[in-house]
Amino acid sequence: MSTHDAHGSGGYHEEGSYLSGPPGMISKIWQWASTVDHKKIGVMYLVSVLAMFFLGGMAAMAVRYELLDPVRTVITQMEVDGVMTEVISTTGDRLTPIAKLIGADSANQAYNRLFTLHGAVMVFMFIVPSIPASLGNFFLPIMLGAKDVAFPRLNLLSWYIYVVGSLFGVLSIIMGGVDTGWTFYTPYSTTTDADHIRVVFMVLAAFILGFSSILTGLNFIVTVHKLRAPGMGWFDMPLFIWGLYATSIIQVLATPVIGITLFLLIFERVMHIGIFDPSMGGDPVLYQHFFWFYSHPVVYVMILPGMGIISELLAVHSRKHIFGYRAIAFSSLGIAAVSFLVWGHHIFTAMGELAAILFSGLTFLVAIPTAIKMFNWIATLYKGSIAINTPMLYALIFLFTFSIGGLTGLPLATLSTDLHLHDSYYVVAHFHYVMMGGTVMAFMGGIHHWWPKMFGKMYNEWGGMLGGILVFIGFNLTFFTQFMLGTQGMPRRYANYVDEFQSLHVLSTYGSWILLIGFLVHLATFIHSLIAGEKAPANPWGGLSLEWETQSPPIEHNFHHEPVLTHGPYDFETVVPPHCDPKDYPLPENPSAH
Amino acid sequence: MTTMTDANNPPVPERIAKSPSHWRNRKHADHFRNHDEEFDASKFGMWLFLTTEVLLFAGIFVAYAVFRMMYPEAWANGSNHLDWVYGGANTVVLLISSWTAASAVRCAQINNQKWLKINLIITILCAGLFLFIKFKYEYMVKLGDGKAPGTFFSYPNASDAHEQLWWSLYYMGTGLHALHVVIGAGLLCWVLVRSIKYQAYGPTEYTMVENTALYWHIVDLIWIFLFPLLYLVH
Ligand SMILES: [Cu+2]
């Protein structure tokens, strides 16, 4: 083989990829189940979190379905035995069949259980582990030029803990589910279904999942500190790594607090230790402080990796050096630091005026590093050669939806406006614009961006774009209407509403159907790619970070030789010769050239 | 103490010397560049883990502080019910065990296989003694009086309505700590077994001894905070 054809795609020396395994189903399964390869673990996480996304999504579809119409009491006059009688019946209890299925007393109770299920599954089982545990696991070591994470066996253990935790959650759902809300506020979580173990199981699930989150974060921090390739300083790392690093710090520092909180909650429920029970002198607001001390920072566990992905997508697909590298890197750390000081904004009404004002002011601080990122991203696009493909589409969607999500947070941080908006659909819309319009959009963009690297197959660009457009339309239809509902006074978490709200609710539900179709298009695109996708070259987008220097999919040890960093991850203007097809540069790692 | 040469140690049976787990035969994991990098990474990881342990107990300490401010009477009464002699005895036991755990690390570093094992055994015995005192002279006696957590509380002579809450926090804090003692003792046993079976730890391979000792120190440290807060402050 000559060094010449190393320029072309796939012409370099091919070795068994990490995906190739022994023949035979049993030995294949065992190979995956016992693997300590961060890439396989990343793929296993990807499959698991997407399964949970599907489960949580189905619950959301059911919730939206119930909300198609309000519950109306219908009085019909009927002639019974020659006498006109009024027969009272109700319409709009659309979840009655599901209520029967899960043993709930009424459609309303089924609704309560389904939105709890949606929240708990989406938060604890999908969005917290989503990007770090799947894409992060796969790419953090490769982008650092390492062979693996620092503690590969711990990494596998974290996946198993995740599975056990999720099983407890699913078990609780099968037993009928819980209707406490995903926040497990006392006294709901200590008194409802007192005769049944399923609430304990759901809380236990969240407790166990915390350990998996801690292990991932711990692993990433040590890997970033110790396993960077020779020549890679802190400011030579891709920004995705910075995002993951800031995330990991929060995971390690915040998750133990939810651990002890849920630990105490389980004892509160089982043995009535009284710590959160006012009748015994305990304090339910203490629970809320504990809970949000974790659960606010964890919002940034959800969004920081997504922000990291967006930095990659925008730079690579507009072939521009990222604007303000250090500002973006430090703003990730800034967000992580501020995240620990703002939890009180979830309990404004349960604290003194001064404390509320302080928490309100601190909450505004979050907007600063976030806006720094936003401006830098837009400046990156300026005069770039923007490729229109699915990753870029999702990056642009992110900029649009996340801006709305971020800006609508400000009225919630403002005490006076929050009085009107809190506990309304406005809040629901706000955090969906941040979590779904932010994290999920970045996650989808990231999956498409790295799909060729992970599985060695290209996806169909039309399929990806169509799915992305449908998701964008569906998402905005579903949730923008909820901003309007919220400002008009629709409270969250109710199965019923007054007639005036119906048209917006119907639009929102139609939007959720478009969303579902969009995601199904993506699923079909992915399956099609795995079965019949074109073989992916090592570097389909012309990226400059290290993962593009190894073959697609990578070999077991990621690189044939330990890579030495010769250029930054965003030096497109200086490294790539002008008029060079991005796909031809940089050269894929070529053993015969060494 | 000086590093012991193999001549100072009793001769190692061939089976042990050839074992891949013997400290001389240990190679660093493939994804690390060298042994030092692996050692640094493991130790760093352990420190991060210890941070999470501190934050875990932080919840207990915060709850303690909050309720102490709300119910100073109940808290004063509660700690009067605890006998500082047993708490103090356990503090001494843990301090000694922390010393022997640190010595075990030193012995591994200087290849003193005999005293490595002896130090580990003393540490494990201290863990057992701690748990024995805790359960036999404290938990059993208190539970017998009806000073039990939560709804099981049936102590008739409580002078403050919120003493129940005090006992809940007492059992949560010390119980979680006792659980950590058990886990630490388990780790120590594992290290002991491996050093008996393979002489797995020596001057170039003592990561596991060091990390276990670090864990043991944090268990000790948490008790150093629990003891005065629960037993001494009135
Ligand atoms: Cu918050």
# chains A, B, ... in the order shown; residues from 1 in each chain; ligands from 1

$ residues_around --residues "Gly78 of chain B" --least-positions-apart "6" --cutoff "8 Å" --atoms "only C-alpha atoms" --output "JSON, numbers by chain"
{"B": [163, 166, 167]}

$ residues_around --residues "segment 97-111 of chain B" --least-positions-apart "3" --cutoff "8 Å" --atoms "only C-alpha atoms" --output "PyMOL selection string"
chain B and resi 1-5+93-94+115-117+119-120+122-124+126-127+201-204+206+209-210+213+216-217+220

$ write_last_selection --atoms "C-alpha atoms" --output "mmCIF file, in the first residue's frame"
data_model
loop_
_atom_site.group_PDB
_atom_site.id
_atom_site.type_symbol
_atom_site.label_atom_id
_atom_site.label_comp_id
_atom_site.auth_asym_id
_atom_site.auth_seq_id
_atom_site.Cartn_x
_atom_site.Cartn_y
_atom_site.Cartn_z
ATOM 1 C CA MET B 1 12.613 1.729 59.149
ATOM 2 C CA THR B 2 14.553 0.825 56.085
ATOM 3 C CA THR B 3 13.414 -0.947 53.005
ATOM 4 C CA MET B 4 13.637 -4.643 53.536
ATOM 5 C CA THR B 5 15.505 -6.618 50.984
ATOM 6 C CA VAL B 93 -10.287 2.668 68.593
ATOM 7 C CA LEU B 94 -10.677 4.419 65.244
ATOM 8 C CA TRP B 115 4.155 -6.084 59.421
ATOM 9 C CA LEU B 116 1.970 -5.191 56.472
ATOM 10 C CA LYS B 117 -0.222 -8.146 57.390
ATOM 11 C CA ASN B 119 -1.063 -3.835 60.622
ATOM 12 C CA LEU B 120 -3.950 -4.831 58.389
ATOM 13 C CA ILE B 122 -5.039 -4.844 63.766
ATOM 14 C CA THR B 123 -7.000 -2.382 61.637
ATOM 15 C CA ILE B 124 -9.657 -4.974 60.864
ATOM 16 C CA CYS B 126 -10.356 -2.319 65.445
ATOM 17 C CA ALA B 127 -13.180 -2.090 62.927
ATOM 18 C CA TYR B 201 1.680 -5.275 47.562
ATOM 19 C CA GLY B 202 5.207 -3.994 47.689
ATOM 20 C CA PRO B 203 7.352 -0.929 46.958
ATOM 21 C CA THR B 204 6.235 -0.617 43.331
ATOM 22 C CA TYR B 206 0.717 -0.436 46.742
ATOM 23 C CA VAL B 209 -3.314 -0.430 50.165
ATOM 24 C CA GLU B 210 -3.013 3.312 49.884
ATOM 25 C CA ALA B 213 -6.166 3.375 53.896
ATOM 26 C CA TRP B 216 -10.374 4.229 56.206
ATOM 27 C CA HIS B 217 -9.089 7.669 57.172
ATOM 28 C CA ASP B 220 -12.310 7.901 60.876
#

$ residues_around --residues "Pro452 of chain A" --least-positions-apart "2" --cutoff "9 Å" --atoms "only C-alpha atoms" --output "PyMOL selection string"
chain A and resi 448-450+454-459+535-540+552-553

$ write_last_selection --atoms "C-alpha atoms" --output "tab-separated table (two decimals), in the first residue's frame"
chain	number	residue	atom	x	y	z
A	448	HIS	CA	-25.62	12.54	13.47
A	449	HIS	CA	-22.22	14.23	13.58
A	450	TRP	CA	-20.47	11.22	15.11
A	454	MET	CA	-19.29	5.28	15.75
A	455	PHE	CA	-20.75	2.79	13.29
A	456	GLY	CA	-18.67	3.24	10.17
A	457	LYS	CA	-21.74	3.98	8.04
A	458	MET	CA	-23.06	7.20	6.59
A	459	TYR	CA	-26.69	8.07	7.25
A	535	LYS	CA	-19.30	3.05	4.16
A	536	ALA	CA	-18.04	6.05	6.08
A	537	PRO	CA	-14.59	7.51	5.43
A	538	ALA	CA	-12.34	8.28	8.37
A	539	ASN	CA	-13.13	11.95	8.25
A	540	PRO	CA	-16.40	12.70	6.46
A	552	SER	CA	-14.30	4.65	11.15
A	553	PRO	CA	-15.26	2.78	13.24

$ residues_around --residues "Asn211 of chain B" --least-positions-apart "4" --cutoff "7 Å" --atoms "only C-alpha atoms" --output "VMD selection string"
chain B and resid 43 46 207 215

$ closest_atom_pairs --of "chain A" --to "chain B" --cutoff "9 Å" --atoms "only C-alpha atoms" --output "CSV"
residue,atom,partner,partner_atom,distance
A:Ala146,CA,B:His31,CA,7.0
A:Lys147,CA,B:His31,CA,5.1
A:Asp148,CA,B:His31,CA,5.9
A:Val149,CA,B:His31,CA,8.0
A:Ala150,CA,B:Ala41,CA,6.9
A:Phe151,CA,B:Ser42,CA,8.1
A:Ile214,CA,B:Thr52,CA,8.3
A:Leu215,CA,B:Phe49,CA,8.6
A:Leu218,CA,B:Gly45,CA,6.4
A:Asn219,CA,B:Gly45,CA,7.2
A:Ile221,CA,B:Gly45,CA,8.2
A:Val222,CA,B:Gly45,CA,6.1
A:Thr223,CA,B:Ala41,CA,7.9
A:His225,CA,B:Ala41,CA,8.3
A:Lys226,CA,B:Ala41,CA,6.4
A:Leu227,CA,B:Phe32,CA,7.5
A:Val252,CA,B:Thr52,CA,6.3
A:Leu253,CA,B:Thr52,CA,6.3
A:Ala254,CA,B:Leu55,CA,7.9
A:Thr255,CA,B:Thr52,CA,7.9
A:Pro256,CA,B:Leu56,CA,4.8
A:Val257,CA,B:Leu56,CA,5.5
A:Ile258,CA,B:Leu56,CA,8.3
A:Gly259,CA,B:Leu56,CA,6.7
A:Ile260,CA,B:Leu56,CA,5.5
A:Thr261,CA,B:Gly59,CA,7.1
A:Leu264,CA,B:Met172,CA,7.8
A:Phe267,CA,B:Met172,CA,8.8
A:Glu268,CA,B:Gly150,CA,8.0
A:Met271,CA,B:Gly150,CA,5.9
A:His272,CA,B:Gly150,CA,5.0
A:Ile273,CA,B:Gly150,CA,3.6
A:Gly274,CA,B:Gly150,CA,5.9
A:Ile275,CA,B:Leu165,CA,6.6
A:Met280,CA,B:His162,CA,6.9
A:Gly281,CA,B:His162,CA,6.2
A:Gly282,CA,B:Leu165,CA,7.3
A:Asp283,CA,B:Phe67,CA,8.9
A:Leu286,CA,B:Ala63,CA,7.9
A:Phe290,CA,B:Gly59,CA,7.6
A:His557,CA,B:His31,CA,8.4

$ closest_atom_pairs --of "chain A" --to "ligand 1" --cutoff "7 Å" --atoms "only C-alpha atoms and all ligand atoms" --output "CSV"
residue,atom,partner,partner_atom_place_in_ligand_line,distance
A:His296,CA,ligand 1,1 (Cu),4.1
A:Val342,CA,ligand 1,1 (Cu),6.6
A:Trp343,CA,ligand 1,1 (Cu),5.4
A:His345,CA,ligand 1,1 (Cu),6.1
A:His346,CA,ligand 1,1 (Cu),5.9

$ write_last_selection --atoms "C-alpha atoms" --output "mmCIF file, in the first residue's frame"
data_model
loop_
_atom_site.group_PDB
_atom_site.id
_atom_site.type_symbol
_atom_site.label_atom_id
_atom_site.label_comp_id
_atom_site.auth_asym_id
_atom_site.auth_seq_id
_atom_site.Cartn_x
_atom_site.Cartn_y
_atom_site.Cartn_z
ATOM 1 C CA HIS A 296 -30.625 22.669 40.026
ATOM 2 C CA VAL A 342 -29.127 29.249 42.795
ATOM 3 C CA TRP A 343 -31.183 26.287 44.033
ATOM 4 C CA HIS A 345 -35.240 29.853 43.046
ATOM 5 C CA HIS A 346 -37.372 26.713 43.178
#

$ residues_around --residues "Pro297 of chain A" --least-positions-apart "6" --cutoff "9 Å" --atoms "only C-alpha atoms" --output "ChimeraX atom specification"
/A:250-251,254,336-343

$ write_last_selection --atoms "N, CA, C and O atoms" --output "compact mmCIF listing (two decimals), in the first residue's frame"
# COMPACT_ATOMS: atom_id res chain seq x y z
N ILE A 250 -19.81 18.85 38.40
CA ILE A 250 -21.13 18.96 39.03
C ILE A 250 -21.62 17.58 39.45
O ILE A 250 -22.15 17.39 40.55
N GLN A 251 -21.43 16.59 38.57
CA GLN A 251 -21.89 15.24 38.91
C GLN A 251 -21.26 14.75 40.21
O GLN A 251 -21.91 14.16 41.06
N ALA A 254 -22.52 17.31 43.27
CA ALA A 254 -23.94 17.47 43.60
C ALA A 254 -24.64 16.15 43.86
O ALA A 254 -25.52 16.07 44.72
N ALA A 336 -20.87 26.03 35.87
CA ALA A 336 -20.80 24.98 36.89
C ALA A 336 -20.69 25.59 38.28
O ALA A 336 -21.32 25.13 39.23
N ALA A 337 -19.90 26.66 38.41
CA ALA A 337 -19.72 27.26 39.73
C ALA A 337 -21.00 27.93 40.21
O ALA A 337 -21.45 27.71 41.34
N VAL A 338 -21.62 28.73 39.33
CA VAL A 338 -22.84 29.45 39.73
C VAL A 338 -23.97 28.47 40.03
O VAL A 338 -24.83 28.71 40.88
N SER A 339 -23.95 27.31 39.34
CA SER A 339 -25.07 26.37 39.46
C SER A 339 -25.32 25.95 40.91
O SER A 339 -26.44 25.60 41.26
N PHE A 340 -24.27 26.02 41.75
CA PHE A 340 -24.45 25.56 43.13
C PHE A 340 -25.08 26.63 44.03
O PHE A 340 -25.35 26.38 45.19
N LEU A 341 -25.27 27.83 43.49
CA LEU A 341 -25.70 28.94 44.35
C LEU A 341 -27.13 29.41 44.07
O LEU A 341 -27.56 30.42 44.59
N VAL A 342 -27.84 28.70 43.23
CA VAL A 342 -29.13 29.25 42.79
C VAL A 342 -30.33 28.36 43.12
O VAL A 342 -31.44 28.66 42.72
N TRP A 343 -30.09 27.25 43.88
CA TRP A 343 -31.18 26.29 44.03
C TRP A 343 -32.45 26.90 44.64
O TRP A 343 -33.56 26.44 44.40

$ residues_around --residues "Phe54 of chain A" --least-positions-apart "5" --cutoff "12 Å" --atoms "only C-alpha atoms" --output "PyMOL selection string"
chain A and resi 47-49+59-61+118+121-122+125-127+516+519-520+523

$ write_last_selection --atoms "C-alpha atoms" --output "PDB file, in the first residue's frame"
ATOM      1  CA  VAL A  47     -29.023   2.212  23.247  1.00  0.00           C
ATOM      2  CA  SER A  48     -30.210   2.232  26.876  1.00  0.00           C
ATOM      3  CA  VAL A  49     -30.791   5.962  27.157  1.00  0.00           C
ATOM      4  CA  ALA A  59     -45.753   8.702  28.648  1.00  0.00           C
ATOM      5  CA  ALA A  60     -45.618  12.262  27.311  1.00  0.00           C
ATOM      6  CA  MET A  61     -47.739  11.263  24.315  1.00  0.00           C
ATOM      7  CA  HIS A 118     -42.499  11.020  32.114  1.00  0.00           C
ATOM      8  CA  VAL A 121     -37.739   8.625  33.398  1.00  0.00           C
ATOM      9  CA  MET A 122     -36.703  11.623  31.316  1.00  0.00           C
ATOM     10  CA  MET A 125     -32.809   7.728  33.210  1.00  0.00           C
ATOM     11  CA  PHE A 126     -32.551   9.705  30.004  1.00  0.00           C
ATOM     12  CA  ILE A 127     -31.270  13.231  30.103  1.00  0.00           C
ATOM     13  CA  LEU A 516     -43.203  11.708  17.315  1.00  0.00           C
ATOM     14  CA  PHE A 519     -38.234  10.986  15.808  1.00  0.00           C
ATOM     15  CA  LEU A 520     -39.601   7.950  13.963  1.00  0.00           C
ATOM     16  CA  LEU A 523     -35.101   6.017  13.876  1.00  0.00           C
TER      17      LEU A 523
END

$ atom_distance --atom1 "atom CA of Pro23 of chain A" --atom2 "atom CA of His561 of chain A"
27.8 Å

$ select_by_dssp --residues "segment 273-322 of chain A" --states "alpha helix (DSSP H)" --output "PyMOL selection string"
chain A and resi 284-295+297-318

$ atom_distance --atom1 "atom CA of Phe220 of chain A" --atom2 "atom CA of Ile131 of chain A"
12.8 Å

$ atom_distance --atom1 "atom CA of Val141 of chain B" --atom2 "atom CA of Asp83 of chain B"
11.1 Å

$ residues_around --residues "Gly467 of chain A" --least-positions-apart "4" --cutoff "8 Å" --atoms "only C-alpha atoms" --output "list in words"
Gly463, Val471, Ile517, Gly518, Phe519, Leu520, Val521 and His522 of chain A

$ closest_residue --among "A:Gly437, A:Gly145, A:Gly486, A:Pro152" --to "Gly231 of chain A" --atoms "only C-alpha atoms"
A:Gly145

$ select_by_dssp --residues "segment 5-187 of chain A" --states "strand (DSSP E or B)" --output "MDAnalysis selection string"
chainID A and resid 17 72:80 83:91
